[in-house]
Every structure is written in C-alpha cells, then in structure tokens.
$ cat input32.cif   # mmCIF, C-alpha atoms
data_model
loop_
_atom_site.group_PDB
_atom_site.id
_atom_site.type_symbol
_atom_site.label_atom_id
_atom_site.label_comp_id
_atom_site.auth_asym_id
_atom_site.auth_seq_id
_atom_site.Cartn_x
_atom_site.Cartn_y
_atom_site.Cartn_z
ATOM 1 C CA PRO A 5 160.781 77.655 41.607
ATOM 2 C CA ILE A 6 162.696 77.082 38.395
ATOM 3 C CA TYR A 7 161.679 73.412 38.310
ATOM 4 C CA GLN A 8 157.971 74.267 38.540
ATOM 5 C CA CYS A 9 158.263 77.038 35.931
ATOM 6 C CA TYR A 10 160.075 74.743 33.516
ATOM 7 C CA TRP A 11 157.514 71.965 33.740
ATOM 8 C CA SER A 12 154.589 74.368 33.444
ATOM 9 C CA GLU A 13 156.065 75.627 30.158
ATOM 10 C CA VAL A 14 156.767 72.106 28.912
ATOM 11 C CA GLY A 15 153.252 71.005 29.881
ATOM 12 C CA ILE A 16 151.618 73.835 27.930
ATOM 13 C CA LEU A 17 153.750 73.222 24.843
ATOM 14 C CA SER A 18 153.061 69.488 25.049
ATOM 15 C CA ASP A 19 149.293 70.120 25.135
ATOM 16 C CA LEU A 20 149.503 72.471 22.145
ATOM 17 C CA MET A 21 151.440 69.903 20.115
ATOM 18 C CA LYS A 22 148.836 67.275 21.053
ATOM 19 C CA ILE A 23 146.059 69.574 19.847
ATOM 20 C CA GLN A 24 147.749 69.983 16.474
ATOM 21 C CA HIS A 25 148.226 66.216 16.114
ATOM 22 C CA GLN A 26 144.650 65.443 17.186
ATOM 23 C CA LEU A 27 143.251 68.121 14.864
ATOM 24 C CA SER A 28 144.999 66.456 11.938
ATOM 25 C CA ASN A 29 143.182 63.215 12.906
ATOM 26 C CA TRP A 30 139.804 65.009 13.294
ATOM 27 C CA ASP A 31 139.252 63.649 16.793
ATOM 28 C CA PHE A 32 136.718 65.873 18.563
ATOM 29 C CA LEU A 33 136.861 64.377 22.068
ATOM 30 C CA GLN A 34 140.645 64.243 22.366
ATOM 31 C CA VAL A 35 141.084 67.753 20.943
ATOM 32 C CA THR A 36 138.480 69.120 23.355
ATOM 33 C CA LEU A 37 140.265 67.616 26.358
ATOM 34 C CA SER A 38 143.631 68.987 25.215
ATOM 35 C CA VAL A 39 142.158 72.455 24.560
ATOM 36 C CA GLN A 40 140.734 72.556 28.067
ATOM 37 C CA SER A 41 144.017 71.373 29.565
ATOM 38 C CA SER A 42 146.146 73.922 27.709
ATOM 39 C CA HIS A 43 143.750 76.759 28.549
ATOM 40 C CA SER A 44 143.818 75.868 32.264
ATOM 41 C CA LYS A 45 147.617 75.788 32.282
ATOM 42 C CA LEU A 46 147.909 79.099 30.447
ATOM 43 C CA SER A 47 145.414 80.686 32.825
ATOM 44 C CA SER A 48 147.520 79.620 35.821
ATOM 45 C CA TRP A 49 150.798 80.747 34.187
ATOM 46 C CA CYS A 50 151.179 83.929 36.225
ATOM 47 C CA GLY A 51 150.447 82.071 39.420
ATOM 48 C CA VAL A 52 153.654 80.127 38.796
ATOM 49 C CA HIS A 53 155.880 82.784 37.230
ATOM 50 C CA HIS A 54 154.529 85.976 38.785
ATOM 51 C CA PRO A 55 152.378 85.222 41.859
ATOM 52 C CA GLY A 56 149.629 87.752 42.455
ATOM 53 C CA VAL A 57 149.505 89.075 38.878
ATOM 54 C CA GLN A 58 145.991 88.835 37.434
ATOM 55 C CA LEU A 59 145.454 88.429 33.705
ATOM 56 C CA PRO A 60 142.472 90.263 32.185
ATOM 57 C CA ASP A 61 139.974 87.919 30.562
ATOM 58 C CA SER A 62 136.771 89.384 29.205
ATOM 59 C CA THR A 63 136.114 87.082 26.264
ATOM 60 C CA PRO A 64 132.981 84.917 26.407
ATOM 61 C CA ARG A 65 133.078 81.192 27.030
ATOM 62 C CA LEU A 66 132.191 78.688 24.352
ATOM 63 C CA PRO A 67 129.772 76.408 26.259
ATOM 64 C CA SER A 68 130.488 73.168 24.421
ATOM 65 C CA ILE A 69 134.243 73.204 24.947
ATOM 66 C CA ARG A 70 134.568 75.587 27.907
ATOM 67 C CA SER A 71 137.496 77.375 26.404
ATOM 68 C CA ARG A 72 138.179 80.757 24.836
ATOM 69 C CA PRO A 73 140.955 82.772 23.240
ATOM 70 C CA VAL A 74 143.640 83.522 25.786
ATOM 71 C CA PRO A 75 143.988 87.304 26.274
ATOM 72 C CA GLN A 76 147.095 88.831 24.765
ATOM 73 C CA ASN A 77 146.549 92.465 25.810
ATOM 74 C CA VAL A 78 148.510 92.171 29.055
ATOM 75 C CA PRO A 79 151.048 94.998 29.535
ATOM 76 C CA SER A 80 154.307 93.959 27.862
ATOM 77 C CA SER A 81 156.334 94.796 30.963
ATOM 78 C CA SER A 82 154.610 91.987 32.882
ATOM 79 C CA THR A 83 154.288 89.454 30.067
ATOM 80 C CA PRO A 84 157.140 87.050 29.243
ATOM 81 C CA PRO A 85 157.692 86.697 25.470
ATOM 82 C CA LEU A 86 157.271 82.929 25.768
ATOM 83 C CA TYR A 87 153.831 83.387 27.332
ATOM 84 C CA LYS A 88 152.741 85.686 24.491
ATOM 85 C CA TRP A 89 153.943 83.168 21.911
ATOM 86 C CA LEU A 90 152.167 80.274 23.632
ATOM 87 C CA CYS A 91 148.953 82.350 23.753
ATOM 88 C CA THR A 92 149.244 83.084 20.022
ATOM 89 C CA PHE A 93 149.861 79.379 19.329
ATOM 90 C CA HIS A 94 146.883 78.391 21.500
ATOM 91 C CA ASN A 95 144.520 80.891 19.847
ATOM 92 C CA SER A 96 145.598 79.799 16.352
ATOM 93 C CA LEU A 97 144.835 76.183 17.253
ATOM 94 C CA LEU A 98 141.495 77.178 18.778
ATOM 95 C CA ALA A 99 140.614 78.945 15.507
ATOM 96 C CA LYS A 100 141.404 75.709 13.642
ATOM 97 C CA PHE A 101 139.360 73.744 16.173
ATOM 98 C CA THR A 102 136.224 75.835 15.591
ATOM 99 C CA LEU A 103 136.760 75.520 11.822
ATOM 100 C CA TYR A 104 137.372 71.749 11.734
ATOM 101 C CA PHE A 105 134.426 71.018 14.059
ATOM 102 C CA TYR A 106 132.129 73.807 12.864
ATOM 103 C CA GLN A 107 129.382 71.369 11.917
ATOM 104 C CA ILE A 108 129.510 69.475 15.220
ATOM 105 C CA LEU A 109 129.435 72.676 17.267
ATOM 106 C CA GLY A 110 126.504 73.894 15.172
ATOM 107 C CA ASP A 111 124.607 70.633 15.666
ATOM 108 C CA ASN A 112 125.021 71.034 19.423
ATOM 109 C CA GLY A 113 123.332 74.438 19.437
ATOM 110 C CA VAL A 114 126.342 76.683 20.026
ATOM 111 C CA LEU A 115 126.756 77.980 16.470
ATOM 112 C CA ASN A 116 126.050 81.598 17.451
ATOM 113 C CA ASN A 117 128.718 81.375 20.147
ATOM 114 C CA VAL A 118 131.157 79.955 17.605
ATOM 115 C CA LYS A 119 130.475 82.802 15.176
ATOM 116 C CA GLY A 120 131.092 85.337 17.922
ATOM 117 C CA LEU A 121 134.272 83.579 18.971
ATOM 118 C CA HIS A 122 135.601 83.488 15.398
ATOM 119 C CA SER A 123 135.508 87.286 15.210
ATOM 120 C CA LYS A 124 137.946 87.460 18.126
ATOM 121 C CA PHE A 125 140.612 85.426 16.346
ATOM 122 C CA GLU A 126 143.321 86.972 14.202
ATOM 123 C CA THR A 127 141.994 84.896 11.299
ATOM 124 C CA ASP A 128 138.243 84.367 10.947
ATOM 125 C CA TYR A 129 138.281 81.367 8.620
ATOM 126 C CA ILE A 130 134.498 81.106 8.264
ATOM 127 C CA GLN A 131 134.169 84.747 7.269
ATOM 128 C CA ARG A 132 137.005 84.428 4.752
ATOM 129 C CA PHE A 133 135.448 81.304 3.228
ATOM 130 C CA HIS A 134 132.146 83.146 2.854
ATOM 131 C CA SER A 135 133.914 86.181 1.396
ATOM 132 C CA LEU A 136 135.569 84.065 -1.308
ATOM 133 C CA VAL A 137 132.229 82.612 -2.369
ATOM 134 C CA GLN A 138 130.379 85.946 -2.288
ATOM 135 C CA THR A 139 132.961 88.186 -3.995
ATOM 136 C CA THR A 140 134.650 85.898 -6.555
ATOM 137 C CA ASN A 141 133.750 83.161 -9.027
ATOM 138 C CA THR A 142 134.376 80.563 -6.296
ATOM 139 C CA SER A 143 131.464 78.134 -6.073
ATOM 140 C CA CYS A 144 132.628 76.360 -2.935
ATOM 141 C CA VAL A 145 135.422 76.278 -0.348
ATOM 142 C CA CYS A 146 135.716 73.124 1.720
ATOM 143 C CA LEU A 147 137.958 70.871 3.786
ATOM 144 C CA ILE A 148 138.190 67.170 2.906
ATOM 145 C CA PHE A 149 139.424 64.557 5.393
ATOM 146 C CA ASP A 150 141.303 61.383 4.387
ATOM 147 C CA SER A 151 140.244 58.671 6.854
ATOM 148 C CA ASN A 152 142.138 55.834 5.172
ATOM 149 C CA GLY A 153 144.446 54.034 7.583
ATOM 150 C CA ILE A 154 142.540 55.080 10.744
ATOM 151 C CA GLU A 155 141.174 51.864 12.200
ATOM 152 C CA GLY A 156 137.465 51.986 12.978
ATOM 153 C CA PHE A 157 137.011 55.615 11.910
ATOM 154 C CA GLN A 158 133.329 56.504 11.479
ATOM 155 C CA GLY A 159 133.467 60.264 11.963
ATOM 156 C CA PRO A 160 134.903 62.838 14.349
ATOM 157 C CA GLU A 161 132.243 62.369 17.059
ATOM 158 C CA TYR A 162 132.719 60.165 20.120
ATOM 159 C CA ARG A 163 130.960 56.822 19.838
ATOM 160 C CA LEU A 164 130.024 54.577 22.728
ATOM 161 C CA PRO A 165 131.716 51.173 22.961
ATOM 162 C CA GLY A 166 129.561 48.585 21.271
ATOM 163 C CA SER A 167 128.056 51.006 18.769
ATOM 164 C CA PRO A 168 127.482 49.563 15.275
ATOM 165 C CA ASN A 169 130.722 49.631 13.329
ATOM 166 C CA MET A 170 130.259 50.857 9.755
ATOM 167 C CA VAL A 171 133.616 51.104 7.996
ATOM 168 C CA LEU A 172 133.906 53.984 5.539
ATOM 169 C CA THR A 173 135.049 52.893 2.081
ATOM 170 C CA GLY A 174 135.500 54.406 -1.362
ATOM 171 C CA LEU A 175 134.443 58.032 -1.727
ATOM 172 C CA ASN A 176 132.856 57.867 1.737
ATOM 173 C CA SER A 177 136.325 57.508 3.273
ATOM 174 C CA TYR A 178 136.918 61.148 2.253
ATOM 175 C CA PRO A 179 134.197 62.963 4.244
ATOM 176 C CA THR A 180 133.662 66.711 3.997
ATOM 177 C CA MET A 181 134.662 68.454 7.240
ATOM 178 C CA ILE A 182 133.123 71.806 6.326
ATOM 179 C CA SER A 183 131.676 73.287 3.165
ATOM 180 C CA ILE A 184 130.834 76.894 2.384
ATOM 181 C CA PRO A 185 128.103 77.106 1.159
ATOM 182 C CA GLN A 186 126.750 74.148 3.100
ATOM 183 C CA ASP A 187 124.249 73.191 0.389
ATOM 184 C CA PHE A 188 126.852 72.884 -2.388
ATOM 185 C CA ASP A 189 126.241 69.836 -4.607
ATOM 186 C CA PHE A 190 129.403 67.729 -4.304
ATOM 187 C CA LEU A 191 128.122 64.753 -6.259
ATOM 188 C CA PRO A 192 129.489 65.802 -9.693
ATOM 189 C CA HIS A 193 132.831 66.856 -8.178
ATOM 190 C CA LYS A 194 133.594 64.343 -5.399
ATOM 191 C CA ALA A 195 135.235 61.719 -7.614
ATOM 192 C CA ASN A 196 137.478 64.338 -9.241
ATOM 193 C CA ILE A 197 138.471 65.816 -5.887
ATOM 194 C CA VAL A 198 139.258 62.430 -4.303
ATOM 195 C CA SER A 199 141.268 61.395 -7.346
ATOM 196 C CA MET A 200 143.345 64.577 -7.112
ATOM 197 C CA ILE A 201 143.905 64.094 -3.382
ATOM 198 C CA MET A 202 145.054 60.510 -3.953
ATOM 199 C CA SER A 203 147.382 61.483 -6.805
ATOM 200 C CA ARG A 204 149.108 64.138 -4.658
ATOM 201 C CA GLY A 205 149.804 66.252 -7.730
ATOM 202 C CA LEU A 206 152.698 68.699 -7.732
ATOM 203 C CA SER A 207 151.849 71.958 -6.014
ATOM 204 C CA SER A 208 153.176 75.382 -6.900
ATOM 205 C CA PRO A 209 156.290 76.224 -4.830
ATOM 206 C CA SER A 210 155.119 79.828 -4.495
ATOM 207 C CA THR A 211 151.477 79.229 -3.508
ATOM 208 C CA GLY A 212 151.414 75.653 -2.186
ATOM 209 C CA LEU A 213 148.363 75.029 -4.388
ATOM 210 C CA SER A 214 147.727 72.286 -6.913
ATOM 211 C CA THR A 215 145.476 73.471 -9.764
ATOM 212 C CA HIS A 216 143.372 71.348 -12.105
ATOM 213 C CA HIS A 217 140.938 72.376 -14.852
ATOM 214 C CA ASP A 218 137.909 70.313 -15.856
ATOM 215 C CA THR A 219 136.594 71.225 -19.302
ATOM 216 C CA LYS A 220 133.523 68.975 -18.973
ATOM 217 C CA LEU A 221 132.255 70.520 -15.745
ATOM 218 C CA TYR A 222 133.584 73.993 -16.646
ATOM 219 C CA CYS A 223 135.390 74.411 -13.346
ATOM 220 C CA THR A 224 138.821 74.808 -11.817
ATOM 221 C CA TYR A 225 139.985 73.072 -8.663
ATOM 222 C CA HIS A 226 142.592 74.524 -6.316
ATOM 223 C CA LEU A 227 143.821 72.065 -3.693
ATOM 224 C CA ALA A 228 146.351 72.280 -0.868
ATOM 225 C CA GLN A 229 147.233 69.869 1.916
ATOM 226 C CA VAL A 230 147.008 71.838 5.182
ATOM 227 C CA ASP A 231 147.443 68.852 7.531
ATOM 228 C CA PRO A 232 148.565 65.274 6.819
ATOM 229 C CA ARG A 233 144.940 64.160 6.363
ATOM 230 C CA VAL A 234 143.222 67.471 5.627
ATOM 231 C CA THR A 235 142.971 69.103 2.198
ATOM 232 C CA LEU A 236 141.639 72.574 1.457
ATOM 233 C CA VAL A 237 139.649 72.602 -1.793
ATOM 234 C CA ALA A 238 138.218 75.525 -3.735
ATOM 235 C CA VAL A 239 135.907 74.903 -6.700
ATOM 236 C CA LEU A 240 135.765 77.781 -9.177
ATOM 237 C CA SER A 241 133.383 78.309 -12.067
ATOM 238 C CA THR A 242 135.462 78.818 -15.225
ATOM 239 C CA THR A 243 133.074 78.947 -18.153
ATOM 240 C CA THR A 244 135.557 80.818 -20.331
ATOM 241 C CA SER A 245 139.307 81.362 -20.507
ATOM 242 C CA ARG A 246 138.762 84.970 -19.440
ATOM 243 C CA THR A 247 137.174 83.751 -16.208
ATOM 244 C CA ARG A 248 140.429 82.011 -15.315
ATOM 245 C CA GLU A 249 142.257 85.306 -15.581
ATOM 246 C CA ARG A 250 140.231 86.527 -12.605
ATOM 247 C CA ASP A 251 141.501 83.687 -10.407
ATOM 248 C CA SER A 252 144.462 85.687 -9.119
ATOM 249 C CA PRO A 253 142.689 87.205 -6.069
ATOM 250 C CA VAL A 254 141.353 83.755 -5.204
ATOM 251 C CA VAL A 255 144.820 82.210 -5.388
ATOM 252 C CA THR A 256 146.229 84.996 -3.210
ATOM 253 C CA THR A 257 143.566 84.448 -0.547
ATOM 254 C CA LEU A 258 143.909 80.658 -0.639
ATOM 255 C CA THR A 259 147.689 80.918 -0.346
ATOM 256 C CA ASP A 260 147.336 82.980 2.823
ATOM 257 C CA LEU A 261 144.726 80.600 4.253
ATOM 258 C CA VAL A 262 146.937 77.596 3.568
ATOM 259 C CA SER A 263 149.904 79.285 5.250
ATOM 260 C CA ARG A 264 147.855 80.106 8.346
ATOM 261 C CA LEU A 265 146.267 76.672 8.608
ATOM 262 C CA ARG A 266 149.767 75.194 8.402
ATOM 263 C CA LEU A 267 150.720 77.572 11.262
ATOM 264 C CA HIS A 268 153.636 79.081 9.361
ATOM 265 C CA HIS A 269 153.073 82.376 11.153
ATOM 266 C CA ILE A 270 153.658 80.684 14.522
ATOM 267 C CA VAL A 271 157.095 79.544 13.381
ATOM 268 C CA GLN A 272 157.855 82.983 11.924
ATOM 269 C CA ILE A 273 157.188 84.628 15.294
ATOM 270 C CA LEU A 274 159.888 82.446 16.836
ATOM 271 C CA LYS A 275 162.353 83.478 14.134
ATOM 272 C CA SER A 276 161.653 87.193 14.523
#

$ encode --input "input32.cif" --output "structure tokens"
Amino acid sequence: PIYQCYWSEVGILSDLMKIQHQLSNWDFLQVTLSVQSSHSKLSSWCGVHHPGVQLPDSTPRLPSIRSRPVPQNVPSSSTPPLYKWLCTFHNSLLAKFTLYFYQILGDNGVLNNVKGLHSKFETDYIQRFHSLVQTTNTSCVCLIFDSNGIEGFQGPEYRLPGSPNMVLTGLNSYPTMISIPQDFDFLPHKANIVSMIMSRGLSSPSTGLSTHHDTKLYCTYHLAQVDPRVTLVAVLSTTTSRTRERDSPVVTTLTDLVSRLRLHHIVQILKS
C-alpha cells in the first residue's frame, strides 16, 4: 500500500537523521539504538515495496551493535533509487559510528570485527588516518569533542542512574574521541588545540581547514569542524620552512576526509 510504503521511507530517513544528530553529540547508547532501528527497517524494505524479493547479505555482523553495512549490490532493475541512496547514507553513518566510538568498541573486545567492517566501507577512516601518519610528516590525526553546554556529560558511555557525577571542566571538557597513533603525547599541544577550537578561526574556503603554525613546538596544526561539536585535528612536524612545502598531500587528504565526514557526498548523490 502507498501509505505503508511512504511511512517506511519516512521512518528510515528519520532514523538516519537521528543517527547524525546523536553522532554529533557523541552518545553511544542512543546512536546504537538508532543504527539497529534503521538497519531493521532497511532490511524489511523489499517486504513492503516488493514482496518476495530477497536482498543478498553476506557481510559479517558486528557483535556489539548487531548491525552491518547494508548491501548495495542488488540488481539495479529491482532496486529503487531511493533505497540505494538510503543504503549509502546508512553505510556512511555506520562508518562514522565505528570511527567516533572506535575506542569503546575496542574496549569491549570487538576491535578485530571493527577493523574488518571498516574495510567494507567506501571510506576506511582508520586506515586513512594511519596512512597519513605513516607516509607523511603528520605526527597525529585525531578527533576532539566539545562537551561544553551538554548537561551532565561525563563521556560517551552509558552511565547508570545514581553514578557519581564528575563534571568535565577546562581542558578536560574537550576529550579526545580517537587518536592515531593512540600513544601520541597531547600534553604539550592540548592547550593550543583547545584555544584554536574556541577561537573558531577562519577556515580556507577551498579546503575547509584552519591552519596554525607554532614556532616554539615546531609544528603545524590543521583543524576542521566536521560536526557541530567535533573537530578533526592533524598535528604536523614542521622543523623547517621546507617541511611545510610538503604539506600539500596532507591538506588534500584532510580536505577529502572533512568532506566525507560532513557527508557532502550524500547530498551530491541527490543532486546527480
């Protein structure tokens, strides 16, 4: 029925928009519930629109969230364009989910599953972060979260009612969501990074990046806001002026990462 088809589409889109909003607030429990809901609705899509049509699904489950990339290799003749777009949107959000909560998923013993899942996404953020550090003069790539204004925020994990309430203040109110490498020493850089996030310096219109040089620490910072509370930061070693000339490949890669984390490609698909 048209009514049922319409509300199934609206329900899926509503869940995907919730995921994006909840990701920007770094809320693990709520994002997990929305991911499961959207995946269930996408999986039942053909039962509503094309009864009897089975969608192939051979990708492994991620135990901690019980979700997976939605298959997009269904024959085009049987796949509505809207379904393909919603699958692409869902998978892009799931890639962000595994990036934003990489540490939590690792702490819960499913890190190997996460690494395998990342390789199935169009953009493997973890691999690209590692590649920047290993092949360029980038010392660290990280995501910083701004928790100011979120009442009672103590971290992305679910906390039981009545748990001790320790309000994050100062530099601690800007926790690191993920850092590659994980053992990078943030102490000399954290104050600089937080100051730059708070100042919201002008970013380049072509790259979306804000660049700052520190002559005392011999480093360059590239920053970009990818969500309202999430900032992508790259710390580069720039011991000489010639080192800065080699930043171009880094800027190109960061520009693409920023665009994808902002989901620009999802909007472009609609325009095409």

$ closest_residue --input "input32.cif" --among "A:Phe125, A:Phe101, A:Trp30, A:Tyr87" --to "Thr180 (chain A)" --atoms "only C-alpha atoms"
A:Trp30

$ resolve_selection --input "input32.cif" --expression "the PyMOL selection byres ((chain A and resi 23-26) around 12)" --output "PyMOL selection string"
chain A and resi 16-22+27-43+93-101+104+160+230-234+265-267

$ residues_around --input "input32.cif" --residues "Thr224 (chain A)" --least-positions-apart "5" --cutoff "7 Å" --atoms "only C-alpha atoms" --output "list in words"
His216, His217, Asp218, Val239, Leu240, Ser241 and Thr242 of chain A

$ atom_distance --input "input32.cif" --atom1 "CA of Lys88 (chain A)" --atom2 "CA of Val262 (chain A)"
23.2 Å

$ atom_distance --input "input32.cif" --atom1 "CA of Phe188 (chain A)" --atom2 "CA of Arg204 (chain A)"
24.0 Å

$ closest_residue --input "input32.cif" --among "A:Asp189, A:Asp128, A:Glu13, A:Asp150" --to "Gly174 (chain A)" --atoms "all atoms listed in the file"
A:Asp150

$ resolve_selection --input "input32.cif" --expression "the PyMOL selection byres ((chain A and resi 156) around 9)" --output "number ranges by chain"
A: 154-155, 157-158, 169-172

$ write_last_selection --input "input32.cif" --atoms "C-alpha atoms" --output "PDB file, in the frame of the given file"
ATOM      1  CA  ILE A 154     142.540  55.080  10.744  1.00  0.00           C
ATOM      2  CA  GLU A 155     141.174  51.864  12.200  1.00  0.00           C
ATOM      3  CA  PHE A 157     137.011  55.615  11.910  1.00  0.00           C
ATOM      4  CA  GLN A 158     133.329  56.504  11.479  1.00  0.00           C
ATOM      5  CA  ASN A 169     130.722  49.631  13.329  1.00  0.00           C
ATOM      6  CA  MET A 170     130.259  50.857   9.755  1.00  0.00           C
ATOM      7  CA  VAL A 171     133.616  51.104   7.996  1.00  0.00           C
ATOM      8  CA  LEU A 172     133.906  53.984   5.539  1.00  0.00           C
TER       9      LEU A 172
END
